[in-house]
$ cat data_2.txt   # compact mmCIF, N, CA and C atoms
# COMPACT_ATOMS: atom_id res chain seq x y z
N MET A 9 4.34 0.01 17.98
CA MET A 9 4.44 1.21 17.18
C MET A 9 3.08 1.43 16.51
N SER A 10 2.58 2.64 16.61
CA SER A 10 1.31 2.96 15.96
C SER A 10 1.51 3.07 14.45
N LEU A 11 0.41 3.05 13.73
CA LEU A 11 0.48 3.18 12.27
C LEU A 11 1.02 4.56 11.87
N ASP A 12 0.64 5.59 12.61
CA ASP A 12 1.19 6.93 12.34
C ASP A 12 2.70 6.96 12.52
N GLU A 13 3.19 6.31 13.58
CA GLU A 13 4.63 6.26 13.82
C GLU A 13 5.34 5.45 12.74
N LYS A 14 4.73 4.35 12.33
CA LYS A 14 5.31 3.52 11.27
C LYS A 14 5.40 4.33 9.98
N GLN A 15 4.33 5.06 9.67
CA GLN A 15 4.33 5.86 8.45
C GLN A 15 5.41 6.94 8.51
N GLN A 16 5.55 7.59 9.65
CA GLN A 16 6.58 8.62 9.77
C GLN A 16 7.97 8.02 9.61
N SER A 17 8.17 6.83 10.12
CA SER A 17 9.45 6.15 9.97
C SER A 17 9.74 5.84 8.50
N LEU A 18 8.73 5.36 7.78
CA LEU A 18 8.88 5.10 6.34
C LEU A 18 9.22 6.38 5.59
N ILE A 19 8.52 7.45 5.92
CA ILE A 19 8.77 8.76 5.28
C ILE A 19 10.20 9.21 5.56
N ASP A 20 10.61 9.11 6.83
CA ASP A 20 11.97 9.53 7.20
C ASP A 20 13.01 8.71 6.45
N ASP A 21 12.79 7.39 6.37
CA ASP A 21 13.74 6.53 5.67
C ASP A 21 13.84 6.89 4.19
N LEU A 22 12.71 7.13 3.55
CA LEU A 22 12.72 7.49 2.13
C LEU A 22 13.36 8.86 1.90
N ASN A 23 13.10 9.79 2.79
CA ASN A 23 13.61 11.16 2.61
C ASN A 23 15.09 11.30 2.91
N ILE A 24 15.73 10.20 3.37
CA ILE A 24 17.19 10.21 3.49
C ILE A 24 17.80 10.40 2.11
N ILE A 25 17.11 9.88 1.10
CA ILE A 25 17.55 10.03 -0.30
C ILE A 25 17.05 11.40 -0.77
N HIS A 26 17.99 12.32 -0.98
CA HIS A 26 17.60 13.71 -1.26
C HIS A 26 17.08 13.92 -2.68
N ASP A 27 17.65 13.23 -3.65
CA ASP A 27 17.21 13.40 -5.04
C ASP A 27 15.89 12.66 -5.24
N LEU A 28 14.89 13.39 -5.69
CA LEU A 28 13.54 12.84 -5.83
C LEU A 28 13.50 11.66 -6.81
N HIS A 29 14.21 11.75 -7.92
CA HIS A 29 14.23 10.65 -8.90
C HIS A 29 14.87 9.40 -8.30
N GLU A 30 15.96 9.59 -7.57
CA GLU A 30 16.62 8.45 -6.92
C GLU A 30 15.71 7.84 -5.85
N ARG A 31 14.98 8.71 -5.13
CA ARG A 31 14.05 8.23 -4.09
C ARG A 31 12.98 7.35 -4.72
N LEU A 32 12.41 7.81 -5.83
CA LEU A 32 11.38 7.03 -6.52
C LEU A 32 11.97 5.73 -7.08
N ASN A 33 13.18 5.80 -7.63
CA ASN A 33 13.83 4.59 -8.14
C ASN A 33 14.08 3.58 -7.03
N ALA A 34 14.46 4.04 -5.84
CA ALA A 34 14.68 3.14 -4.71
C ALA A 34 13.38 2.46 -4.32
N LEU A 35 12.30 3.21 -4.36
CA LEU A 35 10.99 2.66 -4.03
C LEU A 35 10.58 1.60 -5.05
N VAL A 36 10.78 1.90 -6.33
CA VAL A 36 10.43 0.95 -7.40
C VAL A 36 11.28 -0.31 -7.27
N SER A 37 12.56 -0.16 -6.96
CA SER A 37 13.46 -1.31 -6.82
C SER A 37 13.06 -2.21 -5.66
N SER A 38 12.46 -1.63 -4.63
CA SER A 38 12.09 -2.43 -3.46
C SER A 38 10.73 -3.11 -3.64
N GLY A 39 10.02 -2.81 -4.70
CA GLY A 39 8.67 -3.34 -4.91
C GLY A 39 8.59 -4.84 -5.07
N HIS A 40 9.66 -5.47 -5.51
CA HIS A 40 9.63 -6.91 -5.74
C HIS A 40 9.68 -7.71 -4.43
N ALA A 41 9.96 -7.05 -3.31
CA ALA A 41 10.12 -7.77 -2.05
C ALA A 41 8.82 -8.42 -1.57
N LEU A 42 7.69 -7.77 -1.81
CA LEU A 42 6.39 -8.31 -1.38
C LEU A 42 5.74 -9.00 -2.57
N LYS A 43 6.04 -10.25 -2.76
CA LYS A 43 5.47 -10.95 -3.91
C LYS A 43 4.14 -11.60 -3.55
N LEU A 44 3.19 -11.43 -4.42
CA LEU A 44 1.87 -12.01 -4.25
C LEU A 44 1.88 -13.43 -4.82
N ASP A 45 1.36 -14.36 -4.06
CA ASP A 45 1.25 -15.74 -4.50
C ASP A 45 0.38 -15.78 -5.76
N GLU A 46 0.79 -16.55 -6.75
CA GLU A 46 0.06 -16.64 -8.02
C GLU A 46 -1.41 -17.01 -7.80
N ALA A 47 -1.70 -17.79 -6.77
CA ALA A 47 -3.08 -18.21 -6.49
C ALA A 47 -3.98 -17.01 -6.15
N HIS A 48 -3.37 -15.91 -5.73
CA HIS A 48 -4.15 -14.72 -5.37
C HIS A 48 -4.29 -13.73 -6.53
N LYS A 49 -3.70 -14.06 -7.66
CA LYS A 49 -3.86 -13.19 -8.84
C LYS A 49 -5.16 -13.54 -9.54
N THR A 50 -6.25 -13.17 -8.90
CA THR A 50 -7.58 -13.47 -9.40
C THR A 50 -8.30 -12.18 -9.78
N GLU A 51 -9.36 -12.35 -10.53
CA GLU A 51 -10.20 -11.22 -10.92
C GLU A 51 -10.72 -10.47 -9.68
N ALA A 52 -11.08 -11.23 -8.65
CA ALA A 52 -11.63 -10.63 -7.42
C ALA A 52 -10.60 -9.76 -6.70
N ASN A 53 -9.32 -10.04 -6.89
CA ASN A 53 -8.27 -9.26 -6.23
C ASN A 53 -7.73 -8.11 -7.07
N LEU A 54 -8.25 -7.93 -8.28
CA LEU A 54 -7.83 -6.79 -9.09
C LEU A 54 -8.39 -5.50 -8.49
N VAL A 55 -7.54 -4.48 -8.42
CA VAL A 55 -7.96 -3.18 -7.91
C VAL A 55 -8.56 -2.40 -9.07
N PRO A 56 -9.82 -1.99 -8.96
CA PRO A 56 -10.45 -1.24 -10.06
C PRO A 56 -9.86 0.17 -10.17
N GLY A 57 -9.89 0.70 -11.37
CA GLY A 57 -9.46 2.08 -11.58
C GLY A 57 -7.98 2.27 -11.73
N CYS A 58 -7.23 1.20 -11.91
CA CYS A 58 -5.79 1.29 -12.13
C CYS A 58 -5.52 1.03 -13.61
N VAL A 59 -4.65 1.84 -14.20
CA VAL A 59 -4.32 1.66 -15.61
C VAL A 59 -3.57 0.34 -15.79
N SER A 60 -2.57 0.11 -14.95
CA SER A 60 -1.84 -1.15 -14.94
C SER A 60 -2.61 -2.11 -14.03
N ARG A 61 -2.60 -3.40 -14.38
CA ARG A 61 -3.33 -4.36 -13.53
C ARG A 61 -2.59 -4.51 -12.20
N VAL A 62 -3.35 -4.34 -11.10
CA VAL A 62 -2.82 -4.44 -9.75
C VAL A 62 -3.69 -5.42 -8.98
N TRP A 63 -3.04 -6.40 -8.36
CA TRP A 63 -3.75 -7.37 -7.52
C TRP A 63 -3.40 -7.07 -6.08
N LEU A 64 -4.40 -7.12 -5.22
CA LEU A 64 -4.21 -6.87 -3.79
C LEU A 64 -4.90 -7.97 -3.00
N HIS A 65 -4.16 -8.58 -2.11
CA HIS A 65 -4.71 -9.61 -1.23
C HIS A 65 -4.52 -9.16 0.21
N GLY A 66 -5.56 -9.27 1.00
CA GLY A 66 -5.47 -8.93 2.41
C GLY A 66 -6.03 -10.03 3.27
N GLU A 67 -5.46 -10.18 4.44
CA GLU A 67 -5.96 -11.15 5.40
C GLU A 67 -5.69 -10.66 6.81
N LEU A 68 -6.40 -11.25 7.74
CA LEU A 68 -6.23 -10.95 9.15
C LEU A 68 -5.55 -12.15 9.79
N VAL A 69 -4.40 -11.93 10.40
CA VAL A 69 -3.63 -12.99 11.04
C VAL A 69 -3.37 -12.58 12.49
N ASP A 70 -3.93 -13.34 13.41
CA ASP A 70 -3.77 -13.04 14.84
C ASP A 70 -4.16 -11.60 15.17
N GLY A 71 -5.24 -11.14 14.54
CA GLY A 71 -5.76 -9.81 14.82
C GLY A 71 -5.01 -8.67 14.14
N ARG A 72 -4.04 -8.99 13.30
CA ARG A 72 -3.25 -7.97 12.59
C ARG A 72 -3.46 -8.14 11.10
N THR A 73 -3.41 -7.05 10.36
CA THR A 73 -3.60 -7.10 8.92
C THR A 73 -2.33 -7.57 8.22
N ARG A 74 -2.53 -8.20 7.07
CA ARG A 74 -1.41 -8.58 6.21
C ARG A 74 -1.86 -8.34 4.78
N PHE A 75 -1.10 -7.53 4.07
CA PHE A 75 -1.42 -7.21 2.68
C PHE A 75 -0.24 -7.57 1.78
N THR A 76 -0.55 -8.17 0.64
CA THR A 76 0.44 -8.42 -0.39
C THR A 76 -0.14 -7.97 -1.72
N CYS A 77 0.73 -7.68 -2.67
CA CYS A 77 0.25 -7.15 -3.95
C CYS A 77 1.23 -7.50 -5.05
N ASP A 78 0.77 -7.26 -6.26
CA ASP A 78 1.62 -7.38 -7.44
C ASP A 78 1.00 -6.50 -8.51
N ALA A 79 1.82 -6.04 -9.42
CA ALA A 79 1.34 -5.21 -10.53
C ALA A 79 2.16 -5.50 -11.77
N GLU A 80 1.56 -5.24 -12.90
CA GLU A 80 2.26 -5.47 -14.17
C GLU A 80 3.39 -4.46 -14.38
N SER A 81 3.21 -3.26 -13.90
CA SER A 81 4.21 -2.21 -14.07
C SER A 81 5.15 -2.17 -12.86
N PRO A 82 6.47 -2.16 -13.07
CA PRO A 82 7.40 -2.09 -11.94
C PRO A 82 7.19 -0.86 -11.06
N MET A 83 6.89 0.29 -11.67
CA MET A 83 6.67 1.50 -10.88
C MET A 83 5.43 1.34 -10.00
N VAL A 84 4.35 0.87 -10.60
CA VAL A 84 3.11 0.68 -9.84
C VAL A 84 3.33 -0.36 -8.76
N ASN A 85 4.08 -1.41 -9.07
CA ASN A 85 4.36 -2.44 -8.09
C ASN A 85 5.09 -1.86 -6.88
N GLY A 86 6.06 -1.01 -7.11
CA GLY A 86 6.80 -0.38 -6.01
C GLY A 86 5.91 0.51 -5.16
N LEU A 87 5.06 1.29 -5.81
CA LEU A 87 4.14 2.18 -5.08
C LEU A 87 3.11 1.39 -4.29
N ALA A 88 2.56 0.35 -4.94
CA ALA A 88 1.57 -0.49 -4.26
C ALA A 88 2.21 -1.23 -3.10
N ALA A 89 3.44 -1.71 -3.29
CA ALA A 89 4.13 -2.44 -2.22
C ALA A 89 4.37 -1.54 -1.01
N LEU A 90 4.59 -0.26 -1.25
CA LEU A 90 4.76 0.67 -0.13
C LEU A 90 3.48 0.74 0.70
N LEU A 91 2.33 0.80 0.03
CA LEU A 91 1.06 0.80 0.77
C LEU A 91 0.87 -0.51 1.53
N CYS A 92 1.18 -1.62 0.89
CA CYS A 92 1.05 -2.92 1.57
C CYS A 92 1.95 -2.96 2.79
N ASP A 93 3.17 -2.52 2.64
CA ASP A 93 4.12 -2.51 3.74
C ASP A 93 3.61 -1.62 4.87
N LEU A 94 3.11 -0.45 4.52
CA LEU A 94 2.60 0.48 5.52
C LEU A 94 1.48 -0.14 6.35
N TYR A 95 0.52 -0.76 5.68
CA TYR A 95 -0.67 -1.24 6.37
C TYR A 95 -0.58 -2.68 6.88
N THR A 96 0.53 -3.37 6.62
CA THR A 96 0.71 -4.72 7.12
C THR A 96 1.16 -4.70 8.58
N ASP A 97 0.65 -5.67 9.33
CA ASP A 97 0.95 -5.83 10.75
C ASP A 97 0.38 -4.68 11.58
N ALA A 98 -0.78 -4.20 11.16
CA ALA A 98 -1.45 -3.11 11.88
C ALA A 98 -2.80 -3.58 12.40
N ASP A 99 -3.32 -2.84 13.34
CA ASP A 99 -4.66 -3.07 13.84
C ASP A 99 -5.65 -2.63 12.76
N PRO A 100 -6.64 -3.46 12.43
CA PRO A 100 -7.58 -3.09 11.37
C PRO A 100 -8.27 -1.74 11.61
N ALA A 101 -8.52 -1.39 12.86
CA ALA A 101 -9.17 -0.10 13.16
C ALA A 101 -8.26 1.06 12.74
N GLU A 102 -6.96 0.92 12.94
CA GLU A 102 -6.01 1.96 12.49
C GLU A 102 -5.95 2.00 10.97
N VAL A 103 -5.92 0.82 10.35
CA VAL A 103 -5.85 0.75 8.89
C VAL A 103 -7.06 1.47 8.28
N ALA A 104 -8.21 1.34 8.92
CA ALA A 104 -9.43 1.96 8.39
C ALA A 104 -9.38 3.47 8.42
N ILE A 105 -8.62 4.06 9.36
CA ILE A 105 -8.69 5.53 9.51
C ILE A 105 -7.41 6.28 9.17
N VAL A 106 -6.26 5.63 9.21
CA VAL A 106 -5.00 6.34 8.95
C VAL A 106 -4.76 6.43 7.44
N GLU A 107 -4.74 7.65 6.94
CA GLU A 107 -4.54 7.87 5.50
C GLU A 107 -3.05 7.97 5.17
N PRO A 108 -2.68 7.55 3.98
CA PRO A 108 -1.27 7.65 3.59
C PRO A 108 -0.87 9.10 3.33
N ARG A 109 0.18 9.54 4.03
CA ARG A 109 0.73 10.89 3.83
C ARG A 109 2.03 10.82 3.02
N VAL A 110 2.47 9.61 2.74
CA VAL A 110 3.78 9.40 2.15
C VAL A 110 3.93 10.05 0.77
N TRP A 111 2.86 10.09 -0.01
CA TRP A 111 2.98 10.64 -1.38
C TRP A 111 3.39 12.10 -1.33
N GLU A 112 2.75 12.88 -0.46
CA GLU A 112 3.09 14.30 -0.35
C GLU A 112 4.38 14.49 0.44
N ALA A 113 4.53 13.75 1.54
CA ALA A 113 5.69 13.93 2.42
C ALA A 113 7.01 13.60 1.73
N CYS A 114 6.96 12.72 0.75
CA CYS A 114 8.17 12.35 0.00
C CYS A 114 8.20 13.00 -1.38
N SER A 115 7.23 13.87 -1.66
CA SER A 115 7.12 14.61 -2.93
C SER A 115 6.86 13.73 -4.14
N PHE A 116 6.39 12.50 -3.93
CA PHE A 116 6.07 11.63 -5.06
C PHE A 116 4.89 12.21 -5.85
N ASN A 117 4.00 12.91 -5.18
CA ASN A 117 2.85 13.48 -5.87
C ASN A 117 3.27 14.47 -6.96
N LYS A 118 4.49 15.02 -6.89
CA LYS A 118 4.99 15.94 -7.92
C LYS A 118 5.46 15.20 -9.16
N MET A 119 5.75 13.90 -9.00
CA MET A 119 6.29 13.13 -10.12
C MET A 119 5.29 12.16 -10.73
N LEU A 120 4.24 11.85 -9.99
CA LEU A 120 3.28 10.86 -10.46
C LEU A 120 2.15 11.52 -11.22
N SER A 121 1.71 10.87 -12.27
CA SER A 121 0.60 11.39 -13.07
C SER A 121 -0.69 11.32 -12.26
N PRO A 122 -1.67 12.15 -12.63
CA PRO A 122 -2.97 12.06 -11.96
C PRO A 122 -3.58 10.66 -12.05
N THR A 123 -3.33 9.97 -13.16
CA THR A 123 -3.85 8.62 -13.33
C THR A 123 -3.24 7.67 -12.30
N ARG A 124 -1.91 7.79 -12.07
CA ARG A 124 -1.25 6.94 -11.07
C ARG A 124 -1.75 7.27 -9.67
N LEU A 125 -1.88 8.56 -9.38
CA LEU A 125 -2.37 8.97 -8.05
C LEU A 125 -3.80 8.46 -7.83
N ASN A 126 -4.60 8.48 -8.88
CA ASN A 126 -5.97 7.97 -8.78
C ASN A 126 -5.95 6.46 -8.52
N GLY A 127 -5.06 5.74 -9.18
CA GLY A 127 -4.94 4.30 -8.95
C GLY A 127 -4.53 4.00 -7.51
N LEU A 128 -3.61 4.81 -6.97
CA LEU A 128 -3.19 4.64 -5.57
C LEU A 128 -4.35 4.94 -4.62
N ALA A 129 -5.15 5.94 -4.96
CA ALA A 129 -6.33 6.25 -4.15
C ALA A 129 -7.31 5.08 -4.17
N ASN A 130 -7.47 4.44 -5.33
CA ASN A 130 -8.35 3.27 -5.43
C ASN A 130 -7.79 2.10 -4.61
N MET A 131 -6.48 1.96 -4.60
CA MET A 131 -5.88 0.90 -3.80
C MET A 131 -6.13 1.19 -2.31
N ARG A 132 -6.01 2.44 -1.91
CA ARG A 132 -6.27 2.80 -0.51
C ARG A 132 -7.74 2.51 -0.15
N LEU A 133 -8.66 2.79 -1.07
CA LEU A 133 -10.07 2.49 -0.82
C LEU A 133 -10.27 1.00 -0.60
N ARG A 134 -9.59 0.17 -1.39
CA ARG A 134 -9.72 -1.28 -1.25
C ARG A 134 -9.14 -1.74 0.08
N ILE A 135 -7.99 -1.18 0.47
CA ILE A 135 -7.38 -1.55 1.76
C ILE A 135 -8.30 -1.16 2.90
N ARG A 136 -8.90 0.03 2.83
CA ARG A 136 -9.82 0.48 3.88
C ARG A 136 -11.04 -0.43 3.95
N ALA A 137 -11.57 -0.82 2.78
CA ALA A 137 -12.74 -1.71 2.75
C ALA A 137 -12.40 -3.05 3.38
N MET A 138 -11.22 -3.58 3.08
CA MET A 138 -10.80 -4.85 3.68
C MET A 138 -10.68 -4.71 5.19
N ALA A 139 -10.09 -3.62 5.66
CA ALA A 139 -9.95 -3.41 7.10
C ALA A 139 -11.32 -3.37 7.77
N ASN A 140 -12.27 -2.69 7.13
CA ASN A 140 -13.63 -2.64 7.69
C ASN A 140 -14.29 -4.01 7.69
N GLU A 141 -14.02 -4.82 6.67
CA GLU A 141 -14.53 -6.21 6.66
C GLU A 141 -13.90 -7.02 7.79
N PHE A 142 -12.61 -6.82 8.05
CA PHE A 142 -11.94 -7.54 9.13
C PHE A 142 -12.57 -7.16 10.47
N ILE A 143 -12.85 -5.88 10.65
CA ILE A 143 -13.46 -5.40 11.89
C ILE A 143 -14.84 -6.02 12.06
N ALA A 144 -15.62 -6.01 10.98
CA ALA A 144 -17.00 -6.54 11.04
C ALA A 144 -17.02 -8.05 11.31
N SER A 145 -16.02 -8.77 10.77
CA SER A 145 -16.00 -10.23 10.93
C SER A 145 -15.35 -10.66 12.24
N ASN A 146 -14.80 -9.72 12.96
CA ASN A 146 -14.11 -10.03 14.23
C ASN A 146 -14.61 -9.05 15.29
N PRO A 147 -15.87 -9.19 15.74
CA PRO A 147 -16.49 -8.22 16.63
C PRO A 147 -15.77 -8.04 17.97
N SER A 148 -15.01 -9.03 18.41
CA SER A 148 -14.32 -8.89 19.68
C SER A 148 -13.15 -7.92 19.59
N HIS A 149 -12.83 -7.51 18.37
CA HIS A 149 -11.69 -6.64 18.14
C HIS A 149 -12.01 -5.22 18.53
$ encode --input "data_2.txt" --output "structure tokens"
Amino acid sequence: MSLDEKQQSLIDDLNIIHDLHERLNALVSSGHALKLDEAHKTEANLVPGCVSRVWLHGELVDGRTRFTCDAESPMVNGLAALLCDLYTDADPAEVAIVEPRVWEACSFNKMLSPTRLNGLANMRLRIRAMANEFIASNPSH
């Protein structure tokens, strides 16, 4: 499954929930599923530009990306976990170029503050940078 197909599947699954508040609550509730190992809660893994502290860890396993995260705020944790879920088990080249459409497609952008949206954009920048590092460190890819 391509990253675009995976993203569309995530969007379709979330949009089964018609009420926007319930959809966001479901996302926040699912955020605890991707727990970041305490050893990765380091200064180097903090995502800059987020109001709430957000840690992001990425690695390349058998040529596929793996991202985990944690945040102090449950809402931010749920939103960040969605990005980690989206970009995990993907080809780094796809991760570098496929942008998240989920915020608009699920109407979360109507409920999230500009500060939260900016934090999510910063998280996306960090994920893209990691993907580019994975590509550079694995030239056969």
$ residues_around --input "data_2.txt" --residues "stretch 18-33 of chain A" --least-positions-apart "2" --cutoff "7 Å" --atoms "all atoms listed in the file" --output "list in words"
Glu13, Lys14, Gln15, Gln16, Leu35, Val36, Ser37, Ser38, Val110, Ala113, Cys114 and Ser115 of chain A
$ residues_around --input "data_2.txt" --residues "A:Pro82" --least-positions-apart "3" --cutoff "8 Å" --atoms "all atoms listed in the file" --output "PyMOL selection string"
chain A and resi 35-37+39-40+79+85-88
$ write_last_selection --input "data_2.txt" --atoms "N, CA and C atoms" --output "PDB file, in the frame of the given file"
ATOM      1  N   LEU A  35      12.300   3.210  -4.360  1.00  0.00           N
ATOM      2  CA  LEU A  35      10.990   2.660  -4.030  1.00  0.00           C
ATOM      3  C   LEU A  35      10.580   1.600  -5.050  1.00  0.00           C
ATOM      4  N   VAL A  36      10.780   1.900  -6.330  1.00  0.00           N
ATOM      5  CA  VAL A  36      10.430   0.950  -7.400  1.00  0.00           C
ATOM      6  C   VAL A  36      11.280  -0.310  -7.270  1.00  0.00           C
ATOM      7  N   SER A  37      12.560  -0.160  -6.960  1.00  0.00           N
ATOM      8  CA  SER A  37      13.460  -1.310  -6.820  1.00  0.00           C
ATOM      9  C   SER A  37      13.060  -2.210  -5.660  1.00  0.00           C
ATOM     10  N   GLY A  39      10.020  -2.810  -4.700  1.00  0.00           N
ATOM     11  CA  GLY A  39       8.670  -3.340  -4.910  1.00  0.00           C
ATOM     12  C   GLY A  39       8.590  -4.840  -5.070  1.00  0.00           C
ATOM     13  N   HIS A  40       9.660  -5.470  -5.510  1.00  0.00           N
ATOM     14  CA  HIS A  40       9.630  -6.910  -5.740  1.00  0.00           C
ATOM     15  C   HIS A  40       9.680  -7.710  -4.430  1.00  0.00           C
ATOM     16  N   ALA A  79       1.820  -6.040  -9.420  1.00  0.00           N
ATOM     17  CA  ALA A  79       1.340  -5.210 -10.530  1.00  0.00           C
ATOM     18  C   ALA A  79       2.160  -5.500 -11.770  1.00  0.00           C
ATOM     19  N   ASN A  85       4.080  -1.410  -9.070  1.00  0.00           N
ATOM     20  CA  ASN A  85       4.360  -2.440  -8.090  1.00  0.00           C
ATOM     21  C   ASN A  85       5.090  -1.860  -6.880  1.00  0.00           C
ATOM     22  N   GLY A  86       6.060  -1.010  -7.110  1.00  0.00           N
ATOM     23  CA  GLY A  86       6.800  -0.380  -6.010  1.00  0.00           C
ATOM     24  C   GLY A  86       5.910   0.510  -5.160  1.00  0.00           C
ATOM     25  N   LEU A  87       5.060   1.290  -5.810  1.00  0.00           N
ATOM     26  CA  LEU A  87       4.140   2.180  -5.080  1.00  0.00           C
ATOM     27  C   LEU A  87       3.110   1.390  -4.290  1.00  0.00           C
ATOM     28  N   ALA A  88       2.560   0.350  -4.940  1.00  0.00           N
ATOM     29  CA  ALA A  88       1.570  -0.490  -4.260  1.00  0.00           C
ATOM     30  C   ALA A  88       2.210  -1.230  -3.100  1.00  0.00           C
TER      31      ALA A  88
END
$ residues_around --input "data_2.txt" --residues "stretch 95-105 of chain A" --least-positions-apart "2" --cutoff "5 Å" --atoms "all atoms listed in the file" --output "list in words"
Arg72, Thr73, Arg74, Phe75, Leu91, Cys92, Asp93, Glu107, Arg136 and Ala139 of chain A
$ atom_distance --input "data_2.txt" --atom1 "atom C of A:Asn140" --atom2 "atom N of A:Val69"
13.0 Å
$ atom_distance --input "data_2.txt" --atom1 "atom CA of A:Ser17" --atom2 "atom CA of A:Pro108"
12.6 Å
$ closest_residue --input "data_2.txt" --among "A:Glu67, A:Asp12, A:Glu46, A:Glu51" --to "A:Phe142" --atoms "all atoms listed in the file"
A:Glu67
$ atom_distance --input "data_2.txt" --atom1 "atom N of A:Ala144" --atom2 "atom C of A:Gly66"
12.9 Å
$ select_by_dssp --input "data_2.txt" --residues "chain A" --states "helix (DSSP H, G or I)" --output "ChimeraX atom specification"
/A:11-22,28-41,46-48,51-53,82-95,100-105,110-113,116-118,122-145
$ axis_aligned_box --input "data_2.txt" --around "stretch 122-135 of chain A" --padding-each-side "4 Å" --output "JSON"
{"center_x": -5.8, "center_y": 5.2, "center_z": -5.2, "size_x": 17.0, "size_y": 21.9, "size_z": 24.2}
$ select_by_dssp --input "data_2.txt" --residues "stretch 54-131 of chain A" --states "strand (DSSP E)" --output "list in words"
Val62, Trp63, Leu64, His65, Gly66, Glu67, Leu68, Val69, Arg72, Thr73, Arg74, Phe75, Thr76, Cys77, Asp78 and Ala79 of chain A
$ closest_residue --input "data_2.txt" --among "A:Ser81, A:Leu44, A:Lys49, A:Leu64" --to "A:Arg124" --atoms "only C-alpha atoms"
A:Ser81
$ closest_residue --input "data_2.txt" --among "A:Met138, A:Val84, A:Leu133, A:Val55" --to "A:Ser121" --atoms "only C-alpha atoms"
A:Val84
$ decode --input "data_2.txt" --residues "stretch 81-97 of chain A" --atoms "N, CA and C atoms" --output "short mmCIF file (atom, residue, chain, number, x, y, z; two decimals), in the first residue's frame"
data_model
loop_
_atom_site.label_atom_id
_atom_site.label_comp_id
_atom_site.auth_asym_id
_atom_site.auth_seq_id
_atom_site.Cartn_x
_atom_site.Cartn_y
_atom_site.Cartn_z
N SER A 81 0.64 17.05 26.39
CA SER A 81 -0.79 17.29 26.25
C SER A 81 -1.45 16.09 25.56
N PRO A 82 -2.55 15.56 26.12
CA PRO A 82 -3.24 14.43 25.48
C PRO A 82 -3.70 14.75 24.06
N MET A 83 -4.18 15.96 23.81
CA MET A 83 -4.63 16.32 22.46
C MET A 83 -3.45 16.30 21.50
N VAL A 84 -2.36 16.94 21.89
CA VAL A 84 -1.18 16.98 21.03
C VAL A 84 -0.65 15.57 20.82
N ASN A 85 -0.68 14.76 21.86
CA ASN A 85 -0.21 13.39 21.74
C ASN A 85 -1.03 12.62 20.70
N GLY A 86 -2.33 12.79 20.71
CA GLY A 86 -3.18 12.12 19.73
C GLY A 86 -2.90 12.59 18.31
N LEU A 87 -2.73 13.89 18.13
CA LEU A 87 -2.44 14.44 16.80
C LEU A 87 -1.06 14.00 16.31
N ALA A 88 -0.08 14.04 17.21
CA ALA A 88 1.27 13.63 16.84
C ALA A 88 1.30 12.14 16.53
N ALA A 89 0.57 11.34 17.31
CA ALA A 89 0.53 9.89 17.08
C ALA A 89 -0.07 9.57 15.72
N LEU A 90 -1.02 10.38 15.27
CA LEU A 90 -1.59 10.17 13.94
C LEU A 90 -0.51 10.34 12.87
N LEU A 91 0.32 11.37 13.01
CA LEU A 91 1.41 11.56 12.05
C LEU A 91 2.40 10.41 12.11
N CYS A 92 2.74 9.97 13.32
CA CYS A 92 3.66 8.83 13.45
C CYS A 92 3.07 7.59 12.79
N ASP A 93 1.81 7.34 13.03
CA ASP A 93 1.14 6.19 12.45
C ASP A 93 1.14 6.29 10.92
N LEU A 94 0.84 7.46 10.41
CA LEU A 94 0.80 7.67 8.97
C LEU A 94 2.14 7.35 8.33
N TYR A 95 3.22 7.87 8.90
CA TYR A 95 4.53 7.76 8.26
C TYR A 95 5.34 6.52 8.67
N THR A 96 4.81 5.71 9.59
CA THR A 96 5.50 4.49 9.99
C THR A 96 5.27 3.39 8.97
N ASP A 97 6.31 2.59 8.76
CA ASP A 97 6.30 1.47 7.83
C ASP A 97 6.17 1.94 6.38
#
